[in-house]
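**Student:** Compact mmCIF, C-alpha atoms, file protein-v1.txt:
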```txt
# COMPACT_ATOMS: atom_id res chain seq x y z
CA MET A 1 26.66 -73.64 16.26
CA ALA A 2 28.82 -75.11 19.01
CA SER A 3 29.51 -78.81 19.03
CA CYS A 4 28.50 -80.98 21.95
CA SER A 5 31.15 -81.60 24.58
CA ALA A 6 32.40 -85.17 24.93
CA ASP A 7 30.61 -85.73 28.24
CA PRO A 8 27.96 -83.06 28.98
CA ARG A 9 26.83 -84.91 32.12
CA ALA A 10 30.35 -84.58 33.55
CA LYS A 11 30.15 -80.85 32.92
CA LEU A 12 26.82 -80.70 34.74
CA ARG A 13 28.30 -82.58 37.69
CA ARG A 14 31.23 -80.17 37.87
CA MET A 15 28.85 -77.23 37.59
CA THR A 16 26.57 -78.39 40.42
CA PRO A 17 28.41 -81.16 42.28
CA HIS A 18 25.76 -81.41 45.00
CA ALA A 19 22.68 -80.87 42.83
CA SER A 20 20.66 -82.93 40.43
CA ALA A 21 20.67 -82.32 36.69
CA PRO A 22 18.03 -79.83 35.52
CA GLU A 23 14.51 -81.22 35.23
CA LEU A 24 12.93 -81.51 31.79
CA TRP A 25 9.20 -80.84 31.53
CA THR A 26 6.93 -81.01 28.52
CA SER A 27 3.58 -79.36 27.79
CA LEU A 28 0.51 -81.26 26.62
CA ARG A 29 -2.79 -80.06 25.24
CA PRO A 30 -5.59 -80.77 27.76
CA LEU A 31 -7.98 -82.23 25.23
CA PRO A 32 -10.64 -84.83 26.17
CA ARG A 33 -9.73 -88.44 25.37
CA LEU A 34 -6.19 -87.39 24.43
CA ALA A 35 -4.66 -86.10 27.67
CA GLY A 36 -4.50 -89.50 29.38
CA PRO A 37 -2.66 -91.44 26.65
CA ALA A 38 -0.35 -88.46 26.01
CA SER A 39 0.51 -88.27 29.71
CA GLN A 40 1.31 -91.97 29.87
CA LYS A 41 3.53 -91.61 26.79
CA ALA A 42 5.38 -88.65 28.35
CA GLU A 43 6.02 -90.64 31.51
CA ASP A 44 7.29 -93.60 29.48
CA GLU A 45 9.64 -91.27 27.58
CA GLY A 46 11.23 -90.12 30.83
CA TRP A 47 10.02 -86.53 31.21
CA ASP A 48 10.15 -85.16 34.76
CA GLY A 49 6.89 -83.26 34.49
CA ILE A 50 3.89 -82.25 32.39
CA THR A 51 2.04 -78.94 32.21
CA PHE A 52 -1.48 -78.33 30.91
CA GLY A 53 -2.36 -74.86 29.65
CA ASP A 54 -5.46 -73.04 30.84
CA THR A 55 -7.05 -71.19 27.94
CA GLN A 56 -10.69 -72.19 27.76
CA ASN A 57 -11.44 -71.16 24.16
CA LEU A 58 -8.36 -72.78 22.63
CA LEU A 59 -7.89 -75.88 24.80
CA GLY A 60 -9.91 -78.23 26.97
CA GLU A 61 -10.25 -78.07 30.75
CA PRO A 62 -6.84 -78.42 32.44
CA PHE A 63 -8.14 -79.66 35.78
CA VAL A 64 -10.04 -82.47 34.05
CA ALA A 65 -6.82 -83.25 32.17
CA LEU A 66 -4.90 -83.30 35.46
CA GLY A 67 -7.33 -85.86 36.86
CA THR A 68 -7.05 -87.97 33.72
CA ALA A 69 -3.25 -87.76 33.79
CA ILE A 70 -3.16 -88.77 37.46
CA GLY A 71 -5.02 -91.95 36.60
CA ALA A 72 -2.75 -92.70 33.64
CA THR A 73 0.62 -92.16 35.36
CA THR A 74 2.44 -93.10 38.55
CA VAL A 75 5.54 -90.93 39.07
CA ILE A 76 5.65 -87.95 36.71
CA ARG A 77 4.87 -84.51 38.18
CA LEU A 78 1.88 -82.55 36.89
CA SER A 79 0.94 -78.89 36.82
CA THR A 80 -1.17 -76.18 35.32
CA GLY A 81 0.98 -74.24 32.90
CA VAL A 82 -0.45 -71.69 33.54
CA THR A 83 -3.77 -70.65 35.01
CA ASN A 84 -4.61 -67.04 35.89
CA PRO A 85 -6.18 -64.92 38.66
CA TYR A 86 -9.20 -63.76 36.63
CA THR A 87 -10.98 -66.78 35.17
CA ARG A 88 -10.26 -68.81 38.35
CA HIS A 89 -11.26 -67.49 41.77
CA PRO A 90 -8.48 -68.28 44.29
CA ALA A 91 -10.81 -70.49 46.35
CA VAL A 92 -11.87 -72.46 43.26
CA THR A 93 -8.24 -72.83 42.18
CA ALA A 94 -7.18 -73.95 45.65
CA SER A 95 -9.91 -76.57 45.94
CA ALA A 96 -9.21 -77.96 42.47
CA ILE A 97 -5.42 -78.13 42.78
CA MET A 98 -5.54 -79.57 46.31
CA CYS A 99 -7.93 -82.31 45.17
CA ALA A 100 -5.59 -83.16 42.29
CA ASN A 101 -2.58 -83.18 44.59
CA ILE A 102 -4.26 -85.53 47.07
CA GLU A 103 -5.42 -87.86 44.30
CA SER A 104 -1.88 -87.98 42.89
CA GLY A 105 -0.14 -88.59 46.20
CA GLY A 106 1.61 -85.22 46.13
CA ARG A 107 2.72 -85.02 42.48
CA VAL A 108 0.93 -81.78 41.54
CA GLU A 109 2.06 -78.14 41.32
CA LEU A 110 0.22 -74.91 40.56
CA GLY A 111 1.53 -72.75 37.72
CA ILE A 112 0.13 -69.22 37.65
CA GLY A 113 0.61 -66.15 35.46
CA ARG A 114 -1.10 -62.85 34.72
CA GLY A 115 -3.20 -64.42 31.97
CA ASP A 116 -3.01 -63.96 28.23
CA SER A 117 -5.03 -65.97 25.70
CA ALA A 118 -7.60 -67.10 28.29
CA LEU A 119 -8.42 -63.47 29.05
CA ALA A 120 -8.05 -62.24 25.47
CA HIS A 121 -10.77 -64.62 24.32
CA ILE A 122 -13.23 -63.06 26.76
CA GLY A 123 -12.18 -59.54 25.83
CA MET A 124 -9.84 -58.91 28.77
CA ALA A 125 -6.21 -57.81 29.15
CA PRO A 126 -3.81 -59.58 31.54
CA VAL A 127 -4.42 -58.76 35.19
CA SER A 128 -2.29 -56.15 36.93
CA VAL A 129 0.78 -57.08 38.93
CA ALA A 130 -1.09 -55.94 42.06
CA LYS A 131 -3.91 -58.38 41.26
CA LEU A 132 -1.40 -61.19 40.70
CA ARG A 133 0.26 -60.39 44.04
CA ASP A 134 -3.09 -60.43 45.85
CA PHE A 135 -3.98 -63.77 44.24
CA LEU A 136 -0.65 -65.31 45.24
CA GLU A 137 -1.00 -64.16 48.85
CA ILE A 138 -4.55 -65.51 49.14
CA GLU A 139 -3.70 -68.76 47.35
CA ARG A 140 -0.78 -69.35 49.71
CA MET A 141 -3.16 -69.01 52.67
CA TYR A 142 -5.60 -71.55 51.22
CA LEU A 143 -2.91 -74.07 50.29
CA SER A 144 -1.31 -73.78 53.73
CA GLY A 145 -4.63 -74.53 55.43
CA MET A 146 -5.05 -71.00 56.76
CA PRO A 147 -8.43 -69.23 56.82
CA VAL A 148 -8.88 -66.30 54.44
CA PRO A 149 -10.97 -63.40 55.80
CA VAL A 150 -14.10 -63.08 53.69
CA SER A 151 -13.67 -59.31 53.81
CA ARG A 152 -10.46 -59.71 51.82
CA LEU A 153 -12.27 -61.69 49.13
CA THR A 154 -15.26 -59.38 48.78
CA GLY A 155 -13.62 -55.97 49.23
CA ASN A 156 -16.24 -53.31 48.52
CA SER A 157 -18.51 -55.64 46.57
CA THR A 158 -22.16 -54.64 46.78
CA GLY A 159 -23.05 -58.29 46.27
CA ALA A 160 -21.51 -59.45 49.55
CA ILE A 161 -23.82 -61.52 51.72
CA GLY A 162 -25.14 -59.85 54.84
CA SER A 163 -27.13 -56.73 54.10
CA SER A 164 -28.04 -57.88 50.59
CA LEU A 165 -28.60 -61.52 51.58
CA PRO A 166 -29.47 -61.88 55.28
CA LEU A 167 -28.26 -65.08 56.97
CA GLY A 168 -28.39 -66.31 60.55
CA VAL A 169 -24.69 -67.18 60.34
CA ALA A 170 -22.63 -65.91 57.42
CA PRO A 171 -19.05 -67.17 56.93
CA ALA A 172 -16.53 -64.69 58.32
CA GLU A 173 -13.63 -66.66 56.90
CA SER A 174 -13.07 -68.89 53.92
CA ARG A 175 -11.23 -72.21 54.14
CA MET A 176 -11.34 -75.70 52.63
CA LEU A 177 -13.70 -77.33 55.14
CA TRP A 178 -13.74 -80.62 53.26
CA LEU A 179 -10.13 -81.29 54.30
CA SER A 180 -11.19 -81.98 57.89
CA GLU A 181 -13.70 -84.53 56.63
CA LEU A 182 -10.96 -86.39 54.76
CA LYS A 183 -8.79 -86.41 57.88
CA LYS A 184 -11.62 -87.90 59.93
CA LEU A 185 -12.03 -90.61 57.30
CA GLY A 186 -8.34 -91.46 57.54
CA VAL A 187 -7.40 -90.32 54.05
CA GLU A 188 -3.65 -89.78 53.78
CA LEU A 189 -2.86 -86.20 52.82
CA PRO A 190 0.40 -84.82 51.36
CA HIS A 191 2.70 -83.39 54.04
CA GLU A 192 3.64 -80.26 52.07
CA PRO A 193 1.36 -77.63 50.49
CA VAL A 194 1.03 -77.59 46.72
CA PRO A 195 4.04 -75.68 45.33
CA ILE A 196 3.24 -72.47 43.44
CA TRP A 197 5.36 -71.39 40.49
CA VAL A 198 4.92 -68.13 38.64
CA ALA A 199 5.51 -67.49 34.93
CA ALA A 200 7.35 -64.19 34.57
CA THR A 201 8.86 -61.97 31.88
CA GLY A 202 8.92 -58.34 33.02
CA PRO A 203 10.84 -57.05 36.03
CA SER A 204 7.80 -56.36 38.23
CA VAL A 205 6.42 -59.88 37.80
CA ILE A 206 9.87 -61.43 38.22
CA ARG A 207 10.29 -59.64 41.56
CA THR A 208 6.79 -60.62 42.68
CA ALA A 209 7.40 -64.23 41.68
CA ALA A 210 10.71 -64.31 43.55
CA GLU A 211 9.07 -62.92 46.67
CA LEU A 212 5.84 -64.93 46.74
CA GLY A 213 6.38 -68.03 44.61
CA ASP A 214 8.02 -71.37 45.34
CA ARG A 215 9.66 -71.12 41.92
CA VAL A 216 10.14 -68.46 39.27
CA THR A 217 9.62 -69.66 35.70
CA LEU A 218 11.14 -67.28 33.18
CA ALA A 219 9.45 -66.70 29.82
CA LEU A 220 12.32 -64.84 28.19
CA GLY A 221 13.72 -67.25 25.64
CA ALA A 222 17.17 -68.83 25.60
CA GLU A 223 19.54 -65.92 25.01
CA PRO A 224 22.07 -66.14 27.88
CA SER A 225 22.45 -62.39 28.45
CA ARG A 226 18.70 -61.98 28.89
CA VAL A 227 18.42 -65.01 31.17
CA ARG A 228 21.39 -63.78 33.23
CA TRP A 229 19.63 -60.41 33.65
CA ALA A 230 16.52 -62.14 34.98
CA VAL A 231 18.44 -64.52 37.26
CA ASP A 232 20.25 -61.57 38.81
CA LEU A 233 16.89 -59.86 39.35
CA VAL A 234 15.50 -62.95 41.06
CA ARG A 235 18.56 -63.37 43.26
CA ALA A 236 18.38 -59.74 44.39
CA VAL A 237 14.98 -60.55 45.92
CA ASN A 238 15.39 -64.19 46.95
CA ALA A 239 18.77 -65.90 47.01
CA SER A 240 17.44 -69.45 47.16
CA VAL A 241 14.18 -69.69 45.18
CA PRO A 242 14.49 -72.20 42.29
CA ILE A 243 14.41 -70.79 38.76
CA ALA A 244 12.97 -72.49 35.69
CA ALA A 245 12.70 -71.35 32.08
CA TYR A 246 10.44 -71.89 29.09
CA VAL A 247 12.67 -72.80 26.14
CA THR A 248 11.80 -73.75 22.58
CA VAL A 249 14.06 -76.63 21.49
CA ILE A 250 13.86 -78.18 18.04
CA VAL A 251 16.38 -80.94 17.30
CA ASP A 252 16.83 -80.86 13.54
CA ASP A 253 19.98 -80.83 11.39
CA ASP A 254 18.15 -78.66 8.83
CA LEU A 255 18.14 -75.21 10.46
CA GLU A 256 15.74 -73.69 7.95
CA ARG A 257 13.19 -76.46 8.51
CA ALA A 258 13.64 -76.09 12.26
CA PHE A 259 12.90 -72.37 11.98
CA GLU A 260 9.80 -72.96 9.88
CA LEU A 261 8.48 -75.62 12.28
CA GLY A 262 9.11 -73.49 15.35
CA LYS A 263 8.48 -69.87 14.39
CA GLY A 264 4.78 -69.87 15.31
CA GLY A 265 5.50 -70.83 18.91
CA ILE A 266 8.57 -68.59 18.99
CA ALA A 267 6.42 -65.60 18.02
CA THR A 268 3.97 -66.41 20.81
CA ARG A 269 6.69 -66.46 23.44
CA ALA A 270 8.65 -63.55 21.95
CA ARG A 271 5.50 -61.43 22.17
CA PHE A 272 5.79 -61.45 25.97
CA LEU A 273 8.93 -59.33 25.60
CA ALA A 274 6.88 -56.52 24.06
CA MET A 275 3.24 -57.46 24.62
CA HIS A 276 2.18 -53.89 25.43
CA GLY A 277 3.78 -52.57 22.24
CA ARG A 278 7.22 -51.71 23.54
CA ALA A 279 10.17 -53.93 24.37
CA HIS A 280 11.19 -54.12 28.02
CA GLU A 281 14.62 -53.47 29.40
CA SER A 282 16.16 -56.91 28.80
CA VAL A 283 15.84 -56.46 25.02
CA GLY A 284 18.70 -54.97 23.00
CA ALA A 285 18.18 -52.15 20.54
CA ASN A 286 18.59 -54.44 17.52
CA ASP A 287 15.63 -56.57 18.57
CA ALA A 288 13.36 -53.89 20.04
CA GLN A 289 11.86 -52.68 16.77
CA MET A 290 11.11 -56.17 15.49
CA LEU A 291 9.60 -57.28 18.79
CA SER A 292 7.36 -54.23 18.99
CA GLU A 293 5.80 -55.30 15.68
CA VAL A 294 4.87 -58.80 16.93
CA PRO A 295 1.91 -57.78 19.14
CA ARG A 296 0.57 -55.45 16.44
CA ALA A 297 0.57 -58.34 13.95
CA TYR A 298 -0.64 -60.92 16.48
CA ASP A 299 -3.72 -63.00 15.65
CA MET A 300 -4.96 -64.40 18.97
CA ASP A 301 -7.07 -66.99 17.14
CA LEU A 302 -3.72 -68.43 15.96
CA HIS A 303 -2.10 -68.35 19.41
CA GLY A 304 0.92 -70.68 19.38
CA ARG A 305 0.59 -71.26 15.64
CA ALA A 306 2.09 -69.88 12.47
CA GLY A 307 0.32 -66.70 11.38
CA PRO A 308 1.04 -63.06 10.61
CA GLN A 309 2.94 -62.71 13.90
CA ALA A 310 5.35 -65.47 12.88
CA GLU A 311 6.25 -63.65 9.66
CA VAL A 312 7.64 -60.79 11.74
CA ILE A 313 10.21 -63.09 13.41
CA THR A 314 13.58 -63.25 11.67
CA ARG A 315 15.62 -66.42 11.63
CA GLU A 316 18.60 -64.58 13.15
CA PHE A 317 16.49 -63.61 16.17
CA ALA A 318 14.94 -67.08 16.38
CA GLU A 319 18.35 -68.75 16.59
CA ARG A 320 19.14 -66.66 19.68
CA PHE A 321 15.69 -66.70 21.30
CA ALA A 322 15.14 -70.44 20.77
CA ILE A 323 17.39 -73.49 20.56
CA PHE A 324 17.44 -75.48 17.35
CA GLY A 325 19.90 -77.51 15.36
CA PRO A 326 21.76 -80.82 15.85
CA ALA A 327 21.36 -82.56 19.20
CA GLY A 328 24.87 -81.73 20.38
CA ALA A 329 24.36 -78.00 19.87
CA CYS A 330 21.03 -78.18 21.70
CA VAL A 331 22.66 -79.93 24.67
CA ASP A 332 25.40 -77.30 24.86
CA ARG A 333 22.89 -74.43 24.78
CA LEU A 334 20.82 -75.98 27.58
CA ILE A 335 23.93 -76.55 29.69
CA GLU A 336 24.90 -72.91 29.18
CA LEU A 337 21.55 -71.85 30.64
CA ALA A 338 21.82 -74.37 33.47
CA GLU A 339 25.16 -72.80 34.38
CA LEU A 340 23.31 -69.52 34.92
CA GLY A 341 21.12 -71.15 37.57
CA ILE A 342 18.21 -72.71 35.66
CA ASP A 343 17.27 -76.01 37.32
CA ARG A 344 14.15 -76.82 35.28
CA PHE A 345 13.39 -76.44 31.59
CA HIS A 346 9.86 -76.32 30.21
CA ILE A 347 10.57 -77.58 26.70
CA ARG A 348 8.43 -76.38 23.83
CA GLY A 349 8.94 -77.98 20.43
CA VAL A 350 7.19 -77.69 17.09
CA SER A 351 4.47 -75.03 16.88
CA SER A 352 0.84 -76.08 17.21
CA GLY A 353 -0.83 -76.84 13.90
CA GLU A 354 2.31 -78.08 12.14
CA ASP A 355 2.65 -81.55 10.62
CA PRO A 356 2.08 -84.01 13.51
CA LEU A 357 4.55 -86.48 12.01
CA ALA A 358 7.25 -83.82 11.97
CA ALA A 359 6.35 -82.82 15.53
CA GLU A 360 6.68 -86.40 16.72
CA GLU A 361 9.99 -86.82 14.87
CA ILE A 362 11.38 -83.73 16.63
CA ASN A 363 10.07 -84.89 20.00
CA GLN A 364 11.62 -88.33 19.63
CA ARG A 365 14.98 -86.86 18.66
CA PHE A 366 14.90 -84.77 21.83
CA VAL A 367 13.98 -87.82 23.91
CA ARG A 368 16.67 -90.05 22.36
CA GLU A 369 19.51 -87.60 21.76
CA VAL A 370 19.15 -84.77 24.30
CA MET A 371 17.29 -86.09 27.32
CA PRO A 372 19.87 -88.75 28.28
CA HIS A 373 22.46 -86.02 28.90
CA PHE A 374 20.27 -84.62 31.68
CA SER A 375 19.27 -87.84 33.43
CA ASN A 376 20.24 -88.14 37.08
```
Can you present the structure in this file as structure tokens?
**Tutor:**
Amino acid sequence: MASCSADPRAKLRRMTPHASAPELWTSLRPLPRLAGPASQKAEDEGWDGITFGDTQNLLGEPFVALGTAIGATTVIRLSTGVTNPYTRHPAVTASAIMCANIESGGRVELGIGRGDSALAHIGMAPVSVAKLRDFLEIERMYLSGMPVPVSRLTGNSTGAIGSSLPLGVAPAESRMLWLSELKKLGVELPHEPVPIWVAATGPSVIRTAAELGDRVTLALGAEPSRVRWAVDLVRAVNASVPIAAYVTVIVDDDLERAFELGKGGIATRARFLAMHGRAHESVGANDAQMLSEVPRAYDMDLHGRAGPQAEVITREFAERFAIFGPAGACVDRLIELAELGIDRFHIRGVSSGEDPLAAEEINQRFVREVMPHFSN
């Protein structure tokens, strides 16, 4: 692997002389009694942001975790990472995320995707791109304070109020009425709407995210050619939207141990490249066959953990898809991706279910040896 340059921060300054260094975000499990202390620890370590996953059968409630994290921190940004359009109605999502944003003083974002494990555990596939697009358009209206026509929310539903449930006055539009009450009470509200970022892998979702999101967050791994392909796709739709990336980073001088500690999570994220059983266009021929086997071997009860899906992943692929090795090599790989236009990294480390002492060792090496190179 490449050695770290003498002054990576100088390289970042030359690369983006008028921009800040890329943000570094971490993900935490939204578990009761644990989310608050973990959030405070992440803020103390210097992370720029925290995400909480939304998968009701595998994790706790992310919006409760957001509230707990808000009370435990003062400056770090917070987000779902990610929720979905099926298990959360857009009005429910809007009300919850706006409440969290107001409580935090404007530190909250909304991460959204098509859904995966949350839907799988109730017997559902990810929503269509059309459904994601509709959700994003409606959510934007809510978060901007605009009314949403009730007809758009109900469609052809036979359960719509009116003929089936007579009312003297039935709502013709849907909006967050409680906001006006807060204004009357003099509660200070954030000046800007909650930002929406969209997790994206395939070309259709990437284009939708670039068009309708405040940020596109790529779930493609760390191979530069694949990231470059996606960045070009984003820029063809929106020349200025910020671009983030999920990246597995394991700082460990023992490459075999790093692979073993990370391959469960790597398999989870690699699956998105072929989740319907065939690899999409950003994948080279050498990887396509292996990746197509991952979803067929995937055990959703072991989502994010080592399992049969992890045994499909080869170390050679893992070293390209993820980033692991000595700190200097990890810094260089992250800088290479930043040079392509990535201004935020969602860092994933050791797979869930691995030795917690090893996971903490890896995390602390990242905090001590990698993070300082990206401080502003």
**Student:** My list of candidates is A:Ser282, A:Ser204, A:Ser95, A:Ser27. Which is closest to Leu179 of chain A when distances are computed with only C-alpha atoms?
**Tutor:** A:Ser95
**Student:** Closest to Ser352 of chain A among A:Leu143, A:Ile138, A:Leu59, A:Ala42, using all atoms listed in the file?
**Tutor:**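 Answer, going by the shortest atom-to-atom distance: A:Leu59.
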**Student:** Return the single residue from A:Ala210, A:Ile161, A:Ala125, A:Leu177 that is closest to Met146 of chain A, with distances computed using only C-alpha atoms.
**Tutor:** A:Leu177
**Student:** Check the smallest atom-to-atom distance from each of A:Ala120, A:Leu132, A:Val150, A:Ala170 to Leu212 of chain A using only C-alpha atoms, then report the winner.
**Tutor:**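 Closest candidate: A:Leu132.
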**Student:** Between atom CA of Thr154 of chain A and atom CA of Thr80 of chain A, what is the distance in Å, rounded to a tenth?
**Tutor:**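 These atoms are spaced 25.7 Å apart.
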**Student:** Please list, as number ranges by chain, the residues that have an atom at most 12 Å away from (15.5, -74.5, 15.6) in the coordinates of this file, counting all atoms listed in the file.
**Tutor:** A: 1, 222, 247-266, 315-327, 329-330, 333, 348-351, 362
**Student:** If we count only C-alpha atoms and set the cut-off at 6 Å, which residues sit around Ile50 of chain A, ignoring sequence neighbours fewer than 5 positions away in its own chain? Please answer as an MDAnalysis selection string.
**Tutor:** chainID A and resid 25:27 78
**Student:** Using Å and a single decimal, report how far atom CA of Val82 of chain A sits from atom CA of Trp47 of chain A.
**Tutor:**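 Taking atom CA of Trp47 of chain A as the start and atom CA of Val82 of chain A as the end point, the length is 18.3 Å.
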**Student:** Between A:Leu337, A:Val312, A:Met141, A:Ala21, single out the one closest to Trp229 of chain A, counting all atoms listed in the file.
**Tutor:**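 Counting all atoms listed in the file, the residue closest to Trp229 of chain A is A:Leu337.
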**Student:** Using all atoms listed in the file, which protein or nucleic acid residues come within 7 Å of Gly277 of chain A? Drop anything in the same chain fewer than 3 positions from it, and give the result as JSON, numbers by chain.
**Tutor:** {"A": [274, 292, 295]}
**Student:** Step by step: start from the point (20.0, -56.2, 20.8) in the file's coordinates, keep every protein, DNA or RNA residue that has an atom no farther than 12 Å from it, count all atoms listed in the file, and write the set as an mmCIF file with C-alpha atoms, in the coordinates of the input.
**Tutor:**
```cif
data_model
loop_
_atom_site.group_PDB
_atom_site.id
_atom_site.type_symbol
_atom_site.label_atom_id
_atom_site.label_comp_id
_atom_site.auth_asym_id
_atom_site.auth_seq_id
_atom_site.Cartn_x
_atom_site.Cartn_y
_atom_site.Cartn_z
ATOM 1 C CA GLU A 223 19.540 -65.920 25.010
ATOM 2 C CA SER A 225 22.450 -62.390 28.450
ATOM 3 C CA ARG A 226 18.700 -61.980 28.890
ATOM 4 C CA ALA A 279 10.170 -53.930 24.370
ATOM 5 C CA HIS A 280 11.190 -54.120 28.020
ATOM 6 C CA GLU A 281 14.620 -53.470 29.400
ATOM 7 C CA SER A 282 16.160 -56.910 28.800
ATOM 8 C CA VAL A 283 15.840 -56.460 25.020
ATOM 9 C CA GLY A 284 18.700 -54.970 23.000
ATOM 10 C CA ALA A 285 18.180 -52.150 20.540
ATOM 11 C CA ASN A 286 18.590 -54.440 17.520
ATOM 12 C CA ASP A 287 15.630 -56.570 18.570
ATOM 13 C CA ALA A 288 13.360 -53.890 20.040
ATOM 14 C CA GLN A 289 11.860 -52.680 16.770
ATOM 15 C CA MET A 290 11.110 -56.170 15.490
ATOM 16 C CA LEU A 291 9.600 -57.280 18.790
ATOM 17 C CA GLU A 316 18.600 -64.580 13.150
ATOM 18 C CA PHE A 317 16.490 -63.610 16.170
ATOM 19 C CA ARG A 320 19.140 -66.660 19.680
ATOM 20 C CA PHE A 321 15.690 -66.700 21.300
#
```
**Student:** What separation in Å, quoted to one decimal, exists between atom CA of Ala96 of chain A and atom CA of Pro62 of chain A?
**Tutor:**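 If I compute the distance from atom CA of Ala96 of chain A to atom CA of Pro62 of chain A, I get 10.3 Å.
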**Student:** Neighbouring residues of Arg107 of chain A were defined as those with any atom within 12 Å, considering all atoms listed in the file; residues of the same chain fewer than 5 positions away were excluded. Please report them as a list in words.
**Tutor:**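 Answer for this query is Asp48, Gly49, Ile50, Thr51, Leu66, Gly67, Ala69, Ile70, Gly71, Thr73, Thr74, Val75, Ile76, Arg77, Leu78, Ser79, Ile97, Met98, Cys99, Ala100, Asn101, Ile102, Leu189, Pro190, His191, Glu192, Pro193, Val194 and Pro195 of chain A.
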**Student:** Which residues, written as a ChimeraX atom specification, have at least one atom at most 12 Å from Asp116 of chain A, with all atoms listed in the file counted and residues fewer than 5 positions away on the same chain left out?
**Tutor:** /A:53-58,81-87,121-128,199,268-269,271-272,275-276,300,303-304
**Student:** Hey, which of A:Arg152, A:Pro372, A:Asp299, A:Val187 ends up closest to Pro90 of chain A? Count only C-alpha atoms.
**Tutor:**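 The closest residue to Pro90 of chain A is A:Arg152.
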**Student:** What would segment 51-62 of chain A look like if you wrote it out as a PDB file, in the first residue's frame, with N, CA and C atoms included, from the block I just posted?
**Tutor:**
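This is the output file part.pdb:
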```pdb
ATOM      1  N   THR A  51     -24.574   9.281  12.621  1.00  0.00           N
ATOM      2  CA  THR A  51     -25.818   8.770  12.058  1.00  0.00           C
ATOM      3  C   THR A  51     -26.340   7.623  12.907  1.00  0.00           C
ATOM      4  N   PHE A  52     -27.673   7.504  12.925  1.00  0.00           N
ATOM      5  CA  PHE A  52     -28.349   6.381  13.581  1.00  0.00           C
ATOM      6  C   PHE A  52     -29.169   5.649  12.526  1.00  0.00           C
ATOM      7  N   GLY A  53     -28.924   4.340  12.406  1.00  0.00           N
ATOM      8  CA  GLY A  53     -29.664   3.545  11.434  1.00  0.00           C
ATOM      9  C   GLY A  53     -31.110   3.352  11.837  1.00  0.00           C
ATOM     10  N   ASP A  54     -31.950   3.097  10.846  1.00  0.00           N
ATOM     11  CA  ASP A  54     -33.377   2.867  11.087  1.00  0.00           C
ATOM     12  C   ASP A  54     -33.737   1.489  10.557  1.00  0.00           C
ATOM     13  N   THR A  55     -33.639   0.499  11.425  1.00  0.00           N
ATOM     14  CA  THR A  55     -34.004  -0.868  11.065  1.00  0.00           C
ATOM     15  C   THR A  55     -34.578  -1.520  12.312  1.00  0.00           C
ATOM     16  N   GLN A  56     -35.901  -1.441  12.436  1.00  0.00           N
ATOM     17  CA  GLN A  56     -36.600  -1.647  13.699  1.00  0.00           C
ATOM     18  C   GLN A  56     -36.388  -3.018  14.337  1.00  0.00           C
ATOM     19  N   ASN A  57     -36.114  -4.055  13.568  1.00  0.00           N
ATOM     20  CA  ASN A  57     -35.936  -5.379  14.140  1.00  0.00           C
ATOM     21  C   ASN A  57     -34.506  -5.660  14.584  1.00  0.00           C
ATOM     22  N   LEU A  58     -33.564  -4.868  14.099  1.00  0.00           N
ATOM     23  CA  LEU A  58     -32.160  -5.090  14.420  1.00  0.00           C
ATOM     24  C   LEU A  58     -31.602  -4.044  15.365  1.00  0.00           C
ATOM     25  N   LEU A  59     -32.206  -2.856  15.395  1.00  0.00           N
ATOM     26  CA  LEU A  59     -31.717  -1.753  16.212  1.00  0.00           C
ATOM     27  C   LEU A  59     -32.876  -1.125  16.960  1.00  0.00           C
ATOM     28  N   GLY A  60     -32.553  -0.206  17.883  1.00  0.00           N
ATOM     29  CA  GLY A  60     -33.584   0.531  18.579  1.00  0.00           C
ATOM     30  C   GLY A  60     -34.141   1.653  17.715  1.00  0.00           C
ATOM     31  N   GLU A  61     -34.920   2.522  18.321  1.00  0.00           N
ATOM     32  CA  GLU A  61     -35.626   3.589  17.614  1.00  0.00           C
ATOM     33  C   GLU A  61     -34.698   4.788  17.365  1.00  0.00           C
ATOM     34  N   PRO A  62     -34.421   5.112  16.106  1.00  0.00           N
ATOM     35  CA  PRO A  62     -33.450   6.170  15.822  1.00  0.00           C
ATOM     36  C   PRO A  62     -33.892   7.561  16.256  1.00  0.00           C
TER      37      PRO A  62
END
```
